[in-house]
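**Student:** My questions all concern the structure below.
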Amino acid sequence: MKVSPDISSLIPYKTGKPIAEVQREYGVQIVHKLASNENPLGPSPKALQAIQLALPSLHRYPDAAAYELVHAIEKHWQISAAQVAVGNGSNELIDLLIRIFCEPGEGILIPESAFVAYQVCAQAARVKRFFTPLRKDFTVDISAMIDFLQNSPDRNKVRLIFLPNPNNPTGTYIPSSEVEALLEVVGQRDDLMIVFDEAYNEFVRASDYKSGQTYMAKYSNVMVIRTLSKAYGLAGLRVGVLLAPVLAIDLVNRVRNPFNVNELAQVAAVAALADSEFIKRSVEVIWQGLDYFYDELRGLGIPYIPSQGNFVMFDTLRDVNQVNVALLKKGVILRPLFNYGFKSYLRMSVGLPRENQLAIRALSDVFKEIKPL
Ligand SMILES: Cc1ncc(COP(=O)(O)O)c(C=O)c1O
């Protein structure tokens with residue numbers, strides 16, 4: 001079979017281990033999955049109701065333009081409907097943007113250890129990946145990005161910059177002053193688009209954070225990606241949102257598959273966006289859970305990175321493979337981070353209070369069994 005080396009060497013995106021697999025492999029009945037940054041409250045009850053109502057119409061194709069959803073987003077995020085596109089999860093939108101804006105041989109610029117989908121989608125499209133290192137405290141080094149864009153021999157190949165803000169898996173954010181410093185340098189270019197990936201935007205507590213949407217009026221090369229997989233509780237339905245200049249939305253609508261967001265996803269997303277009570281509760285649960293994790297990890301002497309998402313990354317200080325298997329045997333699924341280059345780290349999503357306690361108890365037991373490196 002003749003295939004491009006970019007395709008044959010592609011390492012697929014590693015998803016969180018499914019609950020049923022852990023039950024099968026480790027013979028445990030009760031499994032707590034805190035591995036995929038999902039909403040521990042489940043979906044919004046209003047979304048479930050909307051799905052029930054839509055079930056009898058499943059023999060029909062969905063609205064290819066997702067009119068109701070696009071207009072619900074217009075209202076929810078205060079942006080013109082002409083500047084909105086929707087995708088089969090934000091992952092699809094990342095993929096589409098790379099295919100639209102980069103020719104093979106051109107590239108994307110991303111911070112090291114950024115959300116891994118940017119790399120996977122770029123490689124699949126035969127598009128180059130350029131990286132800038134993180135700072136020692138795991139934050140995105142914007143001055144390194146500016147330096148790359150001004151001085152690297154590859155600077156003219158960059159067509160897209162992805163800025164996960166906050167980032168997964170580190171949970172760090174880019175303060176507005178640094179975002180603005182970058183925009184000062186590249187915000188007027190029309191051969192380069194800057195994509196803020198704001199999957200965790202709702203959970204941010206840092207006071208010096210600003211959404212990329214703030215800058216869309218001033219800079220015509222700024223785009224924002226959001227998702228309904230996290231605070232809105234619809235990861236299983238796959239709904240992503242792109243806020244972008246009208247011209248970019250037009251391109252996305254040409255390239256995407258016509259029915260990329262299915263009917264149940266569309267109606268559920270409209271209902272979830274309107275359920276402000278649910279969103280508020282989701283954010284509160286995450287903040288309480290994070291504070292609980294911080295206290296407990298500190299008590300265990302485990303270094304962690306303060307997070308603006310719905311998860312926390314921490315250093316087990318041990319052989320993380322051993323730690324992970326021991327946790328799975330206890331029915332707790334967390335996420336090892338080898339593929340991000342973090343050898344001894346795990347990422348733990350916030351669950352319900354009881355799940356958080358069980359995860360901490362399991363970690364505490366495992367840390368007693370397995371000696372630090
Ligand atoms: C930073 C970031 N962006 C995008 C996504 C993709 O989300 P989805 O495709 O479910 O919308 C994720 C998922 O974990 C993420 O962490």
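Residue names in the structure tokens use chain letters A, B, ... in the order shown, residue numbers from 1 in each chain, and ligand numbers from 1 in the order shown.
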Please identify all polymer residues within 10 Å of Arg254 (chain A), counting only C-alpha atoms, omitting same-chain residues fewer than 5 positions from it, and present them as a list in words.
**Tutor:**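 The residues satisfying every condition are Ile100, Ala248 and Ile249 of chain A.
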**Student:** Taking N, CA and C atoms for each residue, export the selection above as an mmCIF file, in the first residue's frame.
**Tutor:**
data_model
loop_
_atom_site.group_PDB
_atom_site.id
_atom_site.type_symbol
_atom_site.label_atom_id
_atom_site.label_comp_id
_atom_site.auth_asym_id
_atom_site.auth_seq_id
_atom_site.Cartn_x
_atom_site.Cartn_y
_atom_site.Cartn_z
ATOM 1 N N ILE A 100 -7.939 24.441 5.468
ATOM 2 C CA ILE A 100 -8.298 25.640 4.692
ATOM 3 C C ILE A 100 -7.107 26.593 4.539
ATOM 4 N N ALA A 248 -13.772 34.023 6.742
ATOM 5 C CA ALA A 248 -13.291 32.711 7.210
ATOM 6 C C ALA A 248 -14.476 31.765 7.412
ATOM 7 N N ILE A 249 -15.585 32.289 7.921
ATOM 8 C CA ILE A 249 -16.779 31.448 8.107
ATOM 9 C C ILE A 249 -17.248 30.927 6.754
#
**Student:** Within 9 Å of ligand 1 (counting only C-alpha atoms and all ligand atoms), which residues show up? I'd like them as a ChimeraX atom specification.
**Tutor:** /A:15,36-38,87-94,114-118,163-169,197-200,225-230,234-241,309
**Student:** Could those residues be written to a file, using C-alpha atoms, as an mmCIF file, in the first residue's frame?
**Tutor:**
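This is the output file selection.cif:
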data_model
loop_
_atom_site.group_PDB
_atom_site.id
_atom_site.type_symbol
_atom_site.label_atom_id
_atom_site.label_comp_id
_atom_site.auth_asym_id
_atom_site.auth_seq_id
_atom_site.Cartn_x
_atom_site.Cartn_y
_atom_site.Cartn_z
ATOM 1 C CA THR A 15 -8.379 9.330 24.371
ATOM 2 C CA SER A 36 -11.428 13.295 29.784
ATOM 3 C CA ASN A 37 -12.376 16.675 31.274
ATOM 4 C CA GLU A 38 -16.075 15.924 30.932
ATOM 5 C CA GLY A 87 -18.477 21.718 13.862
ATOM 6 C CA ASN A 88 -18.579 18.086 14.910
ATOM 7 C CA GLY A 89 -16.779 18.990 18.112
ATOM 8 C CA SER A 90 -14.165 21.727 18.108
ATOM 9 C CA ASN A 91 -11.747 19.045 16.937
ATOM 10 C CA GLU A 92 -13.381 19.133 13.509
ATOM 11 C CA LEU A 93 -13.007 22.908 13.396
ATOM 12 C CA ILE A 94 -9.289 22.641 14.181
ATOM 13 C CA ALA A 114 -0.340 22.284 23.672
ATOM 14 C CA PHE A 115 -3.537 20.297 23.144
ATOM 15 C CA VAL A 116 -2.368 17.470 20.899
ATOM 16 C CA ALA A 117 -5.103 17.661 18.226
ATOM 17 C CA TYR A 118 -3.356 20.597 16.503
ATOM 18 C CA LEU A 163 -3.264 29.464 21.329
ATOM 19 C CA PRO A 164 -5.066 27.132 23.705
ATOM 20 C CA ASN A 165 -6.250 29.526 26.385
ATOM 21 C CA PRO A 166 -6.480 27.885 28.879
ATOM 22 C CA ASN A 167 -4.296 25.016 27.716
ATOM 23 C CA ASN A 168 -4.974 21.323 28.134
ATOM 24 C CA PRO A 169 -3.245 19.427 29.785
ATOM 25 C CA ASP A 197 -8.915 27.733 21.508
ATOM 26 C CA GLU A 198 -11.190 28.483 24.446
ATOM 27 C CA ALA A 199 -12.572 25.029 25.269
ATOM 28 C CA TYR A 200 -12.283 25.835 29.011
ATOM 29 C CA ILE A 225 -12.933 28.169 18.994
ATOM 30 C CA ARG A 226 -15.309 27.084 21.763
ATOM 31 C CA THR A 227 -16.935 23.764 22.605
ATOM 32 C CA LEU A 228 -20.109 22.413 24.154
ATOM 33 C CA SER A 229 -18.164 19.378 25.418
ATOM 34 C CA LYS A 230 -17.067 20.885 28.735
ATOM 35 C CA LEU A 234 -22.451 17.581 25.621
ATOM 36 C CA ALA A 235 -19.119 15.849 24.862
ATOM 37 C CA GLY A 236 -20.906 12.766 23.511
ATOM 38 C CA LEU A 237 -22.877 14.763 20.945
ATOM 39 C CA ARG A 238 -19.883 16.624 19.469
ATOM 40 C CA VAL A 239 -20.600 20.331 19.058
ATOM 41 C CA GLY A 240 -17.854 22.860 18.468
ATOM 42 C CA VAL A 241 -18.194 26.553 17.676
ATOM 43 C CA GLY A 309 -9.690 24.453 33.344
#
**Student:** List as an MDAnalysis selection string the protein and nucleic acid residues near region 278-295 of chain A, meaning an atom at most 8 Å away when only C-alpha atoms are counted, but skip any in the same chain fewer than 6 places from it.
**Tutor:** chainID A and resid 39:41 44 202:203 231:232 304 306:307 310:312 350:353 356 360
**Student:** If you run DSSP over the backbone, which residues in region 9-166 of chain A end up strand (DSSP E or B)? Put them as a ChimeraX atom specification.
**Tutor:** /A:32-33,84-87,104,106-111,128-132,134,140,158-164
**Student:** Choose the residue, out of A:Asn221, A:Thr132, A:Ser80, A:Gln52, that has the smallest atom-to-atom separation from Arg159 (chain A); count only C-alpha atoms.
**Tutor:**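 Among A:Asn221, A:Thr132, A:Ser80, A:Gln52, it is A:Asn221 that comes nearest to Arg159 (chain A).
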**Student:** List every residue of region 36-126 of chain A that has an atom at most 12 Å from any atom of region 175-192 of chain A, and for each one report the closest atom pair and its distance in Å to one decimal, counting only C-alpha atoms, with rows sorted by chain and then by increasing residue number, as a Markdown table.
**Tutor:**
| residue | atom | partner | partner_atom | distance |
| --- | --- | --- | --- | --- |
| A:Leu97 | CA | A:Leu192 | CA | 11.7 |
| A:Ile98 | CA | A:Leu192 | CA | 11.6 |
| A:Phe101 | CA | A:Leu192 | CA | 8.5 |
| A:Cys102 | CA | A:Leu192 | CA | 9.7 |
| A:Glu106 | CA | A:Leu192 | CA | 11.0 |
| A:Gly107 | CA | A:Leu192 | CA | 10.3 |
| A:Ile108 | CA | A:Leu192 | CA | 9.5 |
| A:Leu109 | CA | A:Leu192 | CA | 10.3 |
**Student:** Find the distance between CA of Leu58 (chain A) and CA of Leu96 (chain A) and write it in Å to one decimal.
**Tutor:**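 One can read the CA of Leu58 (chain A) to CA of Leu96 (chain A) distance as 26.5 Å.
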**Student:** In terms of the shortest atom-to-atom distance over only C-alpha atoms, which of A:Asn339, A:Ser344, A:Asn324, A:Gln49 is closest to Val366 (chain A)?
**Tutor:**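 Nearest candidate to Val366 (chain A) out of A:Asn339, A:Ser344, A:Asn324, A:Gln49: A:Asn324.
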**Student:** Taking 3 positions as the minimum chain separation for residues in the same chain, which residues sit within 8 Å of region 134-142 of chain A when counting only C-alpha atoms? Answer as number ranges by chain.
**Tutor:** A: 111-113, 145-146, 170, 172-174, 178-179, 182
**Student:** Using only C-alpha atoms, which of the listed residues (A:Val3, A:Ile333, A:Val28, A:Val267) sits closest to Leu53 (chain A)?
**Tutor:**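 Between A:Val3, A:Ile333, A:Val28, A:Val267, the residue approaching Leu53 (chain A) most closely is A:Val267.
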